[in-house]
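Visitor: Sharing data.csv (CSV, N, CA and C atoms) below.
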```csv
chain,number,residue,atom,x,y,z
A,1,MET,N,2.1,6.3,32.5
A,1,MET,CA,2.2,6.0,31.1
A,1,MET,C,2.9,7.2,30.4
A,2,HIS,N,3.7,6.9,29.4
A,2,HIS,CA,4.4,7.9,28.6
A,2,HIS,C,3.4,8.7,27.8
A,3,PRO,N,3.3,10.0,27.9
A,3,PRO,CA,2.3,10.8,27.2
A,3,PRO,C,2.6,10.8,25.7
A,4,TYR,N,3.8,10.8,25.3
A,4,TYR,CA,4.1,10.7,23.8
A,4,TYR,C,3.7,9.4,23.2
A,5,LEU,N,3.8,8.3,24.0
A,5,LEU,CA,3.4,7.0,23.5
A,5,LEU,C,1.8,7.0,23.5
A,6,PHE,N,1.2,7.6,24.4
A,6,PHE,CA,-0.3,7.6,24.5
A,6,PHE,C,-0.8,8.4,23.2
A,7,ALA,N,-0.2,9.5,22.9
A,7,ALA,CA,-0.6,10.3,21.7
A,7,ALA,C,-0.4,9.5,20.5
A,8,ASP,N,0.7,8.7,20.4
A,8,ASP,CA,1.0,7.9,19.2
A,8,ASP,C,0.0,6.8,19.1
A,9,ILE,N,-0.5,6.2,20.2
A,9,ILE,CA,-1.5,5.2,20.1
A,9,ILE,C,-2.8,5.8,19.6
A,10,CYS,N,-3.1,7.0,20.0
A,10,CYS,CA,-4.3,7.7,19.5
A,10,CYS,C,-4.2,7.9,18.0
A,11,PHE,N,-3.0,8.4,17.5
A,11,PHE,CA,-2.8,8.5,16.1
A,11,PHE,C,-2.9,7.2,15.4
A,12,LEU,N,-2.4,6.1,16.0
A,12,LEU,CA,-2.5,4.8,15.4
A,12,LEU,C,-3.9,4.4,15.2
A,13,CYS,N,-4.8,4.7,16.2
A,13,CYS,CA,-6.2,4.4,16.0
A,13,CYS,C,-6.9,5.1,14.8
A,14,ILE,N,-6.5,6.4,14.7
A,14,ILE,CA,-7.0,7.2,13.5
A,14,ILE,C,-6.5,6.6,12.2
A,15,TRP,N,-5.2,6.2,12.2
A,15,TRP,CA,-4.6,5.6,11.1
A,15,TRP,C,-5.3,4.3,10.7
A,16,PHE,N,-5.7,3.4,11.6
A,16,PHE,CA,-6.4,2.2,11.3
A,16,PHE,C,-7.8,2.5,10.8
A,17,ALA,N,-8.4,3.6,11.4
A,17,ALA,CA,-9.8,3.9,10.9
A,17,ALA,C,-9.7,4.3,9.5
A,18,PHE,N,-8.8,5.2,9.1
A,18,PHE,CA,-8.6,5.5,7.6
A,18,PHE,C,-8.3,4.3,6.8
A,19,PHE,N,-7.5,3.4,7.3
A,19,PHE,CA,-7.1,2.2,6.6
A,19,PHE,C,-8.4,1.3,6.3
A,20,LEU,N,-9.3,1.3,7.3
A,20,LEU,CA,-10.5,0.5,7.1
A,20,LEU,C,-11.5,1.1,6.2
A,21,ILE,N,-11.6,2.5,6.2
A,21,ILE,CA,-12.7,3.1,5.4
A,21,ILE,C,-12.2,3.5,4.0
A,22,SER,N,-10.9,3.3,3.7
A,22,SER,CA,-10.4,3.7,2.4
A,22,SER,C,-9.6,2.5,1.7
A,23,PRO,N,-10.3,1.5,1.2
A,23,PRO,CA,-9.6,0.4,0.6
A,23,PRO,C,-8.7,0.8,-0.6
A,24,GLN,N,-9.2,1.8,-1.4
A,24,GLN,CA,-8.4,2.2,-2.5
A,24,GLN,C,-7.1,2.9,-2.1
A,25,GLY,N,-7.1,3.5,-1.0
A,25,GLY,CA,-5.9,4.3,-0.5
A,25,GLY,C,-5.0,3.5,0.4
A,26,ARG,N,-5.2,2.3,0.6
A,26,ARG,CA,-4.4,1.5,1.5
A,26,ARG,C,-2.9,1.4,1.1
A,27,ARG,N,-2.8,1.1,-0.2
A,27,ARG,CA,-1.4,1.0,-0.7
A,27,ARG,C,-0.6,2.3,-0.5
A,28,ARG,N,-1.3,3.4,-0.8
A,28,ARG,CA,-0.6,4.7,-0.7
A,28,ARG,C,-0.3,5.0,0.8
A,29,MET,N,-1.3,4.7,1.7
A,29,MET,CA,-1.1,4.9,3.1
A,29,MET,C,0.2,4.2,3.6
A,30,ILE,N,0.3,2.9,3.3
A,30,ILE,CA,1.4,2.1,3.7
A,30,ILE,C,2.7,2.6,3.2
A,31,LEU,N,2.7,2.9,1.9
A,31,LEU,CA,3.9,3.4,1.2
A,31,LEU,C,4.4,4.7,1.9
A,32,TYR,N,3.5,5.7,2.1
A,32,TYR,CA,3.9,6.9,2.7
A,32,TYR,C,4.3,6.8,4.1
A,33,SER,N,3.6,5.9,4.8
A,33,SER,CA,4.0,5.7,6.2
A,33,SER,C,5.4,5.1,6.3
A,34,LEU,N,5.7,4.1,5.5
A,34,LEU,CA,7.0,3.5,5.5
A,34,LEU,C,8.1,4.4,5.1
A,35,VAL,N,7.8,5.2,4.1
A,35,VAL,CA,8.8,6.2,3.6
A,35,VAL,C,9.2,7.2,4.6
A,36,TRP,N,8.1,7.7,5.3
A,36,TRP,CA,8.4,8.9,6.2
A,36,TRP,C,8.8,8.5,7.6
A,37,ALA,N,8.6,7.2,8.0
A,37,ALA,CA,8.9,6.8,9.4
A,37,ALA,C,10.4,7.0,9.7
A,38,PRO,N,11.3,6.7,8.8
A,38,PRO,CA,12.8,7.0,9.1
A,38,PRO,C,13.1,8.5,9.2
A,39,ALA,N,12.2,9.3,8.8
A,39,ALA,CA,12.5,10.8,8.9
A,39,ALA,C,12.5,11.3,10.3
A,40,ALA,N,11.9,10.5,11.2
A,40,ALA,CA,11.7,10.9,12.6
A,40,ALA,C,13.0,11.2,13.3
A,41,PRO,N,14.0,10.4,13.2
A,41,PRO,CA,15.3,10.7,13.9
A,41,PRO,C,16.0,11.9,13.3
A,42,ILE,N,15.8,12.1,12.0
A,42,ILE,CA,16.4,13.2,11.3
A,42,ILE,C,15.8,14.5,11.8
A,43,MET,N,14.5,14.5,12.0
A,43,MET,CA,13.8,15.7,12.4
A,43,MET,C,14.1,16.1,13.9
A,44,GLN,N,14.6,15.1,14.7
A,44,GLN,CA,14.9,15.3,16.1
A,44,GLN,C,16.1,16.4,16.1
A,45,THR,N,16.9,16.4,15.1
A,45,THR,CA,18.0,17.4,15.2
A,45,THR,C,17.5,18.8,15.1
A,46,PHE,N,16.3,19.1,14.6
A,46,PHE,CA,15.7,20.4,14.5
A,46,PHE,C,14.9,20.9,15.7
A,47,TYR,N,14.7,20.0,16.6
A,47,TYR,CA,13.9,20.4,17.8
A,47,TYR,C,14.7,21.2,18.7
A,48,VAL,N,14.2,22.2,19.4
A,48,VAL,CA,14.9,23.0,20.3
A,48,VAL,C,15.0,22.2,21.6
A,49,HIS,N,16.2,21.9,22.0
A,49,HIS,CA,16.4,21.0,23.1
A,49,HIS,C,16.2,21.6,24.5
A,50,ASP,N,15.9,22.9,24.5
A,50,ASP,CA,15.6,23.6,25.8
A,50,ASP,C,14.3,23.3,26.3
A,51,TYR,N,13.3,22.9,25.4
A,51,TYR,CA,12.0,22.6,25.9
A,51,TYR,C,11.5,21.2,25.4
A,52,TRP,N,12.1,20.6,24.5
A,52,TRP,CA,11.6,19.3,23.9
A,52,TRP,C,12.5,18.2,24.4
A,53,MET,N,12.1,17.5,25.5
A,53,MET,CA,12.8,16.4,26.0
A,53,MET,C,11.8,15.3,26.4
A,54,PRO,N,11.2,14.6,25.5
A,54,PRO,CA,10.2,13.6,25.8
A,54,PRO,C,10.8,12.4,26.5
A,55,GLU,N,9.9,11.7,27.3
A,55,GLU,CA,10.3,10.4,27.9
A,55,GLU,C,10.0,9.4,26.9
A,56,TYR,N,11.0,8.5,26.6
A,56,TYR,CA,10.8,7.4,25.6
A,56,TYR,C,10.6,6.1,26.3
A,57,LEU,N,9.8,5.2,25.8
A,57,LEU,CA,9.7,3.9,26.2
A,57,LEU,C,10.9,3.1,25.8
A,58,ILE,N,11.3,3.2,24.6
A,58,ILE,CA,12.5,2.6,24.1
A,58,ILE,C,13.3,3.7,23.4
A,59,GLN,N,14.5,4.0,24.0
A,59,GLN,CA,15.3,5.1,23.5
A,59,GLN,C,16.6,4.6,22.8
A,60,PHE,N,16.9,5.3,21.7
A,60,PHE,CA,18.1,5.1,20.9
A,60,PHE,C,19.0,6.3,21.0
A,61,ASP,N,20.3,6.0,21.0
A,61,ASP,CA,21.3,7.1,21.0
A,61,ASP,C,22.3,6.8,20.0
A,62,VAL,N,22.2,7.5,18.9
A,62,VAL,CA,23.1,7.3,17.7
A,62,VAL,C,23.9,8.5,17.5
A,63,ALA,N,25.2,8.5,17.8
A,63,ALA,CA,26.1,9.6,17.6
A,63,ALA,C,25.6,10.9,18.2
A,64,GLY,N,25.1,10.8,19.4
A,64,GLY,CA,24.6,11.9,20.2
A,64,GLY,C,23.2,12.3,19.8
A,65,LEU,N,22.6,11.7,18.9
A,65,LEU,CA,21.2,12.0,18.5
A,65,LEU,C,20.3,11.0,19.2
A,66,VAL,N,19.5,11.6,20.1
A,66,VAL,CA,18.6,10.7,20.9
A,66,VAL,C,17.2,10.8,20.3
A,67,PHE,N,16.6,9.6,20.1
A,67,PHE,CA,15.3,9.5,19.6
A,67,PHE,C,14.7,8.2,20.1
A,68,GLY,N,13.4,8.0,20.0
A,68,GLY,CA,12.7,6.9,20.5
A,68,GLY,C,11.8,6.2,19.5
A,69,ILE,N,11.3,5.1,19.9
A,69,ILE,CA,10.4,4.3,19.0
A,69,ILE,C,9.1,5.1,18.8
A,70,GLU,N,8.8,6.0,19.8
A,70,GLU,CA,7.6,6.9,19.6
A,70,GLU,C,7.8,7.8,18.4
A,71,ASP,N,9.0,8.3,18.2
A,71,ASP,CA,9.2,9.2,17.0
A,71,ASP,C,8.9,8.5,15.7
A,72,PHE,N,9.3,7.2,15.6
A,72,PHE,CA,9.0,6.4,14.4
A,72,PHE,C,7.5,6.2,14.2
A,73,LEU,N,6.9,5.9,15.3
A,73,LEU,CA,5.4,5.7,15.3
A,73,LEU,C,4.7,6.9,14.9
A,74,PHE,N,5.1,8.1,15.5
A,74,PHE,CA,4.5,9.3,15.1
A,74,PHE,C,4.6,9.6,13.6
A,75,ALA,N,5.8,9.5,13.1
A,75,ALA,CA,6.0,9.8,11.7
A,75,ALA,C,5.3,8.9,10.8
A,76,PHE,N,5.2,7.6,11.2
A,76,PHE,CA,4.5,6.6,10.4
A,76,PHE,C,3.0,6.9,10.3
A,77,THR,N,2.4,7.2,11.5
A,77,THR,CA,1.0,7.4,11.5
A,77,THR,C,0.6,8.7,10.9
A,78,VAL,N,1.3,9.8,11.1
A,78,VAL,CA,0.9,11.1,10.5
A,78,VAL,C,1.1,11.0,9.0
A,79,ALA,N,2.1,10.4,8.5
A,79,ALA,CA,2.3,10.3,7.0
A,79,ALA,C,1.1,9.5,6.4
A,80,GLY,N,0.7,8.4,7.1
A,80,GLY,CA,-0.4,7.6,6.6
A,80,GLY,C,-1.7,8.4,6.6
A,81,ILE,N,-1.9,9.1,7.7
A,81,ILE,CA,-3.2,9.8,7.8
A,81,ILE,C,-3.3,10.9,6.8
A,82,VAL,N,-2.2,11.6,6.5
A,82,VAL,CA,-2.2,12.7,5.5
A,82,VAL,C,-2.4,12.1,4.1
A,83,ALA,N,-1.8,11.0,3.9
A,83,ALA,CA,-2.0,10.3,2.6
A,83,ALA,C,-3.4,9.9,2.4
A,84,ALA,N,-4.0,9.4,3.4
A,84,ALA,CA,-5.4,8.9,3.3
A,84,ALA,C,-6.4,10.1,3.1
A,85,ILE,N,-6.1,11.2,3.9
A,85,ILE,CA,-7.0,12.4,3.7
A,85,ILE,C,-6.9,13.0,2.3
A,86,PHE,N,-5.6,13.0,1.8
A,86,PHE,CA,-5.4,13.5,0.5
A,86,PHE,C,-6.1,12.6,-0.6
A,87,ASP,N,-6.0,11.3,-0.4
A,87,ASP,CA,-6.6,10.4,-1.3
A,87,ASP,C,-8.1,10.5,-1.3
A,88,LEU,N,-8.7,10.5,-0.1
A,88,LEU,CA,-10.1,10.6,0.0
A,88,LEU,C,-10.7,11.9,-0.5
A,89,SER,N,-10.0,13.0,-0.2
A,89,SER,CA,-10.4,14.3,-0.7
A,89,SER,C,-10.4,14.4,-2.2
A,90,LEU,N,-9.4,13.8,-2.9
A,90,LEU,CA,-9.3,13.8,-4.3
A,90,LEU,C,-10.5,13.0,-4.9
A,91,ARG,N,-10.7,11.8,-4.3
A,91,ARG,CA,-11.7,10.9,-4.8
A,91,ARG,C,-13.1,11.6,-4.6
A,92,ARG,N,-13.3,12.2,-3.5
A,92,ARG,CA,-14.6,12.9,-3.2
A,92,ARG,C,-14.9,14.0,-4.2
A,93,MET,N,-13.8,14.7,-4.6
A,93,MET,CA,-14.0,15.8,-5.6
A,93,MET,C,-14.1,15.3,-7.0
A,94,GLY,N,-13.9,14.0,-7.2
A,94,GLY,CA,-14.1,13.4,-8.5
A,94,GLY,C,-12.8,13.3,-9.3
A,95,TYR,N,-11.7,13.6,-8.7
A,95,TYR,CA,-10.4,13.5,-9.5
A,95,TYR,C,-10.0,12.0,-9.5
A,96,ARG,N,-9.3,11.7,-10.6
A,96,ARG,CA,-8.7,10.4,-10.7
A,96,ARG,C,-7.4,10.4,-10.0
A,97,VAL,N,-7.2,9.5,-9.1
A,97,VAL,CA,-6.0,9.4,-8.3
A,97,VAL,C,-5.0,8.6,-9.0
A,98,ASP,N,-3.8,9.2,-9.3
A,98,ASP,CA,-2.8,8.5,-10.1
A,98,ASP,C,-1.5,8.6,-9.3
A,99,ASP,N,-0.7,7.5,-9.2
A,99,ASP,CA,0.5,7.5,-8.4
A,99,ASP,C,1.7,8.0,-9.2
A,100,ARG,N,1.5,8.2,-10.5
A,100,ARG,CA,2.6,8.6,-11.3
A,100,ARG,C,2.8,10.1,-11.2
A,101,ILE,N,4.1,10.5,-11.1
A,101,ILE,CA,4.5,11.9,-11.0
A,101,ILE,C,5.4,12.3,-12.2
A,102,PRO,N,5.1,13.4,-12.9
A,102,PRO,CA,6.0,13.7,-14.0
A,102,PRO,C,7.4,14.1,-13.4
A,103,LEU,N,8.5,13.8,-14.2
A,103,LEU,CA,9.8,14.0,-13.8
A,103,LEU,C,10.1,15.4,-13.3
A,104,ARG,N,9.5,16.4,-14.0
A,104,ARG,CA,9.7,17.8,-13.6
A,104,ARG,C,9.1,18.1,-12.2
A,105,GLY,N,7.9,17.6,-12.0
A,105,GLY,CA,7.3,17.8,-10.7
A,105,GLY,C,8.0,17.0,-9.6
A,106,TYR,N,8.6,15.8,-9.9
A,106,TYR,CA,9.3,15.1,-8.9
A,106,TYR,C,10.6,15.8,-8.5
A,107,LEU,N,11.3,16.4,-9.5
A,107,LEU,CA,12.5,17.2,-9.2
A,107,LEU,C,12.2,18.4,-8.4
A,108,LYS,N,11.1,19.1,-8.6
A,108,LYS,CA,10.7,20.2,-7.8
A,108,LYS,C,10.5,19.8,-6.4
A,109,LEU,N,9.8,18.7,-6.2
A,109,LEU,CA,9.6,18.2,-4.8
A,109,LEU,C,10.9,17.8,-4.1
A,110,GLN,N,11.8,17.2,-4.8
A,110,GLN,CA,13.1,16.9,-4.2
A,110,GLN,C,13.9,18.1,-3.9
A,111,GLY,N,13.8,19.1,-4.7
A,111,GLY,CA,14.5,20.3,-4.4
A,111,GLY,C,13.9,21.0,-3.2
A,112,LEU,N,12.6,21.1,-3.1
A,112,LEU,CA,12.0,21.6,-1.9
A,112,LEU,C,12.3,20.8,-0.7
A,113,GLY,N,12.3,19.5,-0.8
A,113,GLY,CA,12.7,18.7,0.3
A,113,GLY,C,14.1,18.9,0.8
A,114,LEU,N,15.0,19.3,-0.1
A,114,LEU,CA,16.4,19.6,0.3
A,114,LEU,C,16.5,21.0,0.9
A,115,VAL,N,15.8,22.0,0.3
A,115,VAL,CA,15.9,23.4,0.7
A,115,VAL,C,15.3,23.7,2.0
A,116,CYS,N,14.2,23.1,2.3
A,116,CYS,CA,13.5,23.4,3.6
A,116,CYS,C,14.3,23.0,4.8
A,117,PRO,N,14.9,21.8,4.9
A,117,PRO,CA,15.7,21.5,6.1
A,117,PRO,C,16.9,22.3,6.2
A,118,LEU,N,17.5,22.6,5.0
A,118,LEU,CA,18.8,23.4,5.0
A,118,LEU,C,18.5,24.8,5.5
A,119,LEU,N,17.3,25.4,5.1
A,119,LEU,CA,16.9,26.7,5.5
A,119,LEU,C,16.6,26.7,7.0
A,120,LEU,N,15.9,25.7,7.5
A,120,LEU,CA,15.6,25.6,8.9
A,120,LEU,C,16.9,25.4,9.7
A,121,GLY,N,17.8,24.6,9.3
A,121,GLY,CA,19.0,24.4,10.0
A,121,GLY,C,19.9,25.7,10.0
A,122,GLY,N,19.9,26.4,8.9
A,122,GLY,CA,20.6,27.7,8.8
A,122,GLY,C,20.0,28.7,9.8
A,123,LEU,N,18.7,28.8,9.8
A,123,LEU,CA,18.1,29.8,10.7
A,123,LEU,C,18.3,29.4,12.2
A,124,MET,N,18.3,28.1,12.5
A,124,MET,CA,18.6,27.7,13.9
A,124,MET,C,20.0,28.0,14.3
A,125,TYR,N,20.9,27.8,13.3
A,125,TYR,CA,22.3,28.2,13.6
A,125,TYR,C,22.5,29.7,13.8
A,126,LEU,N,21.8,30.4,12.9
A,126,LEU,CA,21.9,31.9,12.9
A,126,LEU,C,21.4,32.4,14.2
A,127,PHE,N,20.3,31.9,14.7
A,127,PHE,CA,19.7,32.4,15.9
A,127,PHE,C,20.1,31.6,17.2
A,128,GLN,N,21.0,30.7,17.0
A,128,GLN,CA,21.6,29.8,18.1
A,128,GLN,C,20.5,29.2,18.9
A,129,LEU,N,19.6,28.5,18.3
A,129,LEU,CA,18.5,27.9,19.0
A,129,LEU,C,18.8,26.6,19.7
A,130,ASN,N,19.8,25.9,19.3
A,130,ASN,CA,20.1,24.6,19.9
A,130,ASN,C,21.4,24.8,20.7
```
Spell out the structure here as structure tokens.
Guide:
Amino acid sequence: MHPYLFADICFLCIWFAFFLISPQGRRRMILYSLVWAPAAPIMQTFYVHDYWMPEYLIQFDVAGLVFGIEDFLFAFTVAGIVAAIFDLSLRRMGYRVDDRIPLRGYLKLQGLGLVCPLLLGGLMYLFQLN
């Protein structure tokens, strides 16, 4: 069996457990899981190819970028688990969970989301890691 797929199945079981115990957070879990699943192939460009070459059950090759269905499943489950933990933690501490984000906070998050991959890509280019 493919070890990466086995790990994804384990994460999927954890995802389902959080889905069952947190009815209020289900919408958020599904939303974040669907939003972050497509990030999997993008993140493959940042892996160091000298040591990260997983075996895929279903492999895609798009413009020289190789990724598998396991990457999507990993990103889907991890994003949902993180959303559930965040939601449960806030509710346990007594905070009201609100899906609305102020425009200023949203723009800060978008800026950070752009800066981090660019910085990582620049450092990889500078140190010739790929």
Visitor: Name all residues at most 7 Å from stretch 8-12 of chain A (count all atoms listed in the file; drop same-chain ones fewer than 5 positions away) and give them as a list in words.
Guide: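 Contacts, with the query itself left out: Pro3, Ala17, Glu70, Leu73, Phe74, Thr77 and Val78 of chain A.
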Visitor: Could you turn the residues from that selection into a file that holds N, CA and C atoms, as a short mmCIF file (atom, residue, chain, number, x, y, z; two decimals), in the frame of the given file?
Guide:
```cif
data_model
loop_
_atom_site.label_atom_id
_atom_site.label_comp_id
_atom_site.auth_asym_id
_atom_site.auth_seq_id
_atom_site.Cartn_x
_atom_site.Cartn_y
_atom_site.Cartn_z
N PRO A 3 3.30 10.00 27.90
CA PRO A 3 2.30 10.80 27.20
C PRO A 3 2.60 10.80 25.70
N ALA A 17 -8.40 3.60 11.40
CA ALA A 17 -9.80 3.90 10.90
C ALA A 17 -9.70 4.30 9.50
N GLU A 70 8.80 6.00 19.80
CA GLU A 70 7.60 6.90 19.60
C GLU A 70 7.80 7.80 18.40
N LEU A 73 6.90 5.90 15.30
CA LEU A 73 5.40 5.70 15.30
C LEU A 73 4.70 6.90 14.90
N PHE A 74 5.10 8.10 15.50
CA PHE A 74 4.50 9.30 15.10
C PHE A 74 4.60 9.60 13.60
N THR A 77 2.40 7.20 11.50
CA THR A 77 1.00 7.40 11.50
C THR A 77 0.60 8.70 10.90
N VAL A 78 1.30 9.80 11.10
CA VAL A 78 0.90 11.10 10.50
C VAL A 78 1.10 11.00 9.00
#
```
Visitor: When DSSP works through the backbone of this structure, what residues of stretch 19-115 of chain A end up as strand (DSSP E or B), shown as a list in words?
Guide: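 Matching residues for strand (DSSP E or B) in stretch 19-115 of chain A are Gln59, Phe60, Asp61, Val62, Leu65, Val66, Phe67 and Gly68 of chain A.
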Visitor: Take the residues from that selection and put them in a file with N, CA and C atoms, as an mmCIF file, in the frame of the given file.
Guide:
```cif
data_model
loop_
_atom_site.group_PDB
_atom_site.id
_atom_site.type_symbol
_atom_site.label_atom_id
_atom_site.label_comp_id
_atom_site.auth_asym_id
_atom_site.auth_seq_id
_atom_site.Cartn_x
_atom_site.Cartn_y
_atom_site.Cartn_z
ATOM 1 N N GLN A 59 14.500 4.000 24.000
ATOM 2 C CA GLN A 59 15.300 5.100 23.500
ATOM 3 C C GLN A 59 16.600 4.600 22.800
ATOM 4 N N PHE A 60 16.900 5.300 21.700
ATOM 5 C CA PHE A 60 18.100 5.100 20.900
ATOM 6 C C PHE A 60 19.000 6.300 21.000
ATOM 7 N N ASP A 61 20.300 6.000 21.000
ATOM 8 C CA ASP A 61 21.300 7.100 21.000
ATOM 9 C C ASP A 61 22.300 6.800 20.000
ATOM 10 N N VAL A 62 22.200 7.500 18.900
ATOM 11 C CA VAL A 62 23.100 7.300 17.700
ATOM 12 C C VAL A 62 23.900 8.500 17.500
ATOM 13 N N LEU A 65 22.600 11.700 18.900
ATOM 14 C CA LEU A 65 21.200 12.000 18.500
ATOM 15 C C LEU A 65 20.300 11.000 19.200
ATOM 16 N N VAL A 66 19.500 11.600 20.100
ATOM 17 C CA VAL A 66 18.600 10.700 20.900
ATOM 18 C C VAL A 66 17.200 10.800 20.300
ATOM 19 N N PHE A 67 16.600 9.600 20.100
ATOM 20 C CA PHE A 67 15.300 9.500 19.600
ATOM 21 C C PHE A 67 14.700 8.200 20.100
ATOM 22 N N GLY A 68 13.400 8.000 20.000
ATOM 23 C CA GLY A 68 12.700 6.900 20.500
ATOM 24 C C GLY A 68 11.800 6.200 19.500
#
```
Visitor: Find the distance between atom CA of A:Arg28 and atom CA of A:Arg96 and write it in Å to one decimal.
Guide: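 Those two atoms sit 14.1 Å apart.
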Visitor: Please report, as JSON, the centre and edge lengths in Å to one decimal of an axis-aligned box covering all listed atoms of stretch 60-67 of chain A with 4 Å per side.
Guide:
```
{"center_x": 20.4, "center_y": 8.7, "center_z": 19.6, "size_x": 19.4, "size_y": 15.2, "size_z": 12.2}
```
Visitor: With distances taken over only C-alpha atoms, which of A:Met93, A:Ile69, A:Ser33, A:Met43 is nearest to A:Leu57?
Guide: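 That would be A:Ile69, the residue with the smallest distance to A:Leu57.
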Visitor: Could you list, as an MDAnalysis selection string, every residue within 10 Å of A:Ile30, counting only C-alpha atoms and ignoring same-chain residues fewer than 6 positions away?
Guide: chainID A and resid 19 76:77 79:81 83:84
Visitor: One decimal, in Å: what's the spacing between atom N of A:Trp36 and atom CA of A:Asp71?
Guide: 11.8 Å
Visitor: Quote the spacing between atom CA of A:Arg100 and atom CA of A:Cys13 in Å to one decimal place.
Guide: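 Going from atom CA of A:Arg100 over to atom CA of A:Cys13 covers 29.0 Å.
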Visitor: Check the DSSP output for the backbone and give back, as an NGL selection string, the residues of chain A in alpha helix (DSSP H).
Guide: :A and (3-21 or 26-36 or 39-44 or 69-92 or 103-126)
Visitor: So which one's closest to A:Glu55, A:Phe18, A:Phe127, A:Tyr106, A:Tyr4? Using only C-alpha atoms, please.
Guide: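 The answer is A:Tyr4, which sits nearest to A:Glu55.
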Visitor: Determine the nearest neighbour of A:Leu34 from the options A:Leu5, A:Leu65, A:Leu112, A:Ala75, counting only N, CA and C atoms.
Guide: A:Ala75
Visitor: Choose the residue, out of A:Tyr125, A:Tyr32, A:Tyr56, A:Phe72, that has the smallest atom-to-atom separation from A:His2; count only C-alpha atoms.
Guide: A:Tyr56
Visitor: Could you give me, as a PyMOL selection string, the residues within 6 Å of A:Phe67, counting only C-alpha atoms and dropping anything in the same chain fewer than 2 positions from it?
Guide: chain A and resi 41+59-60
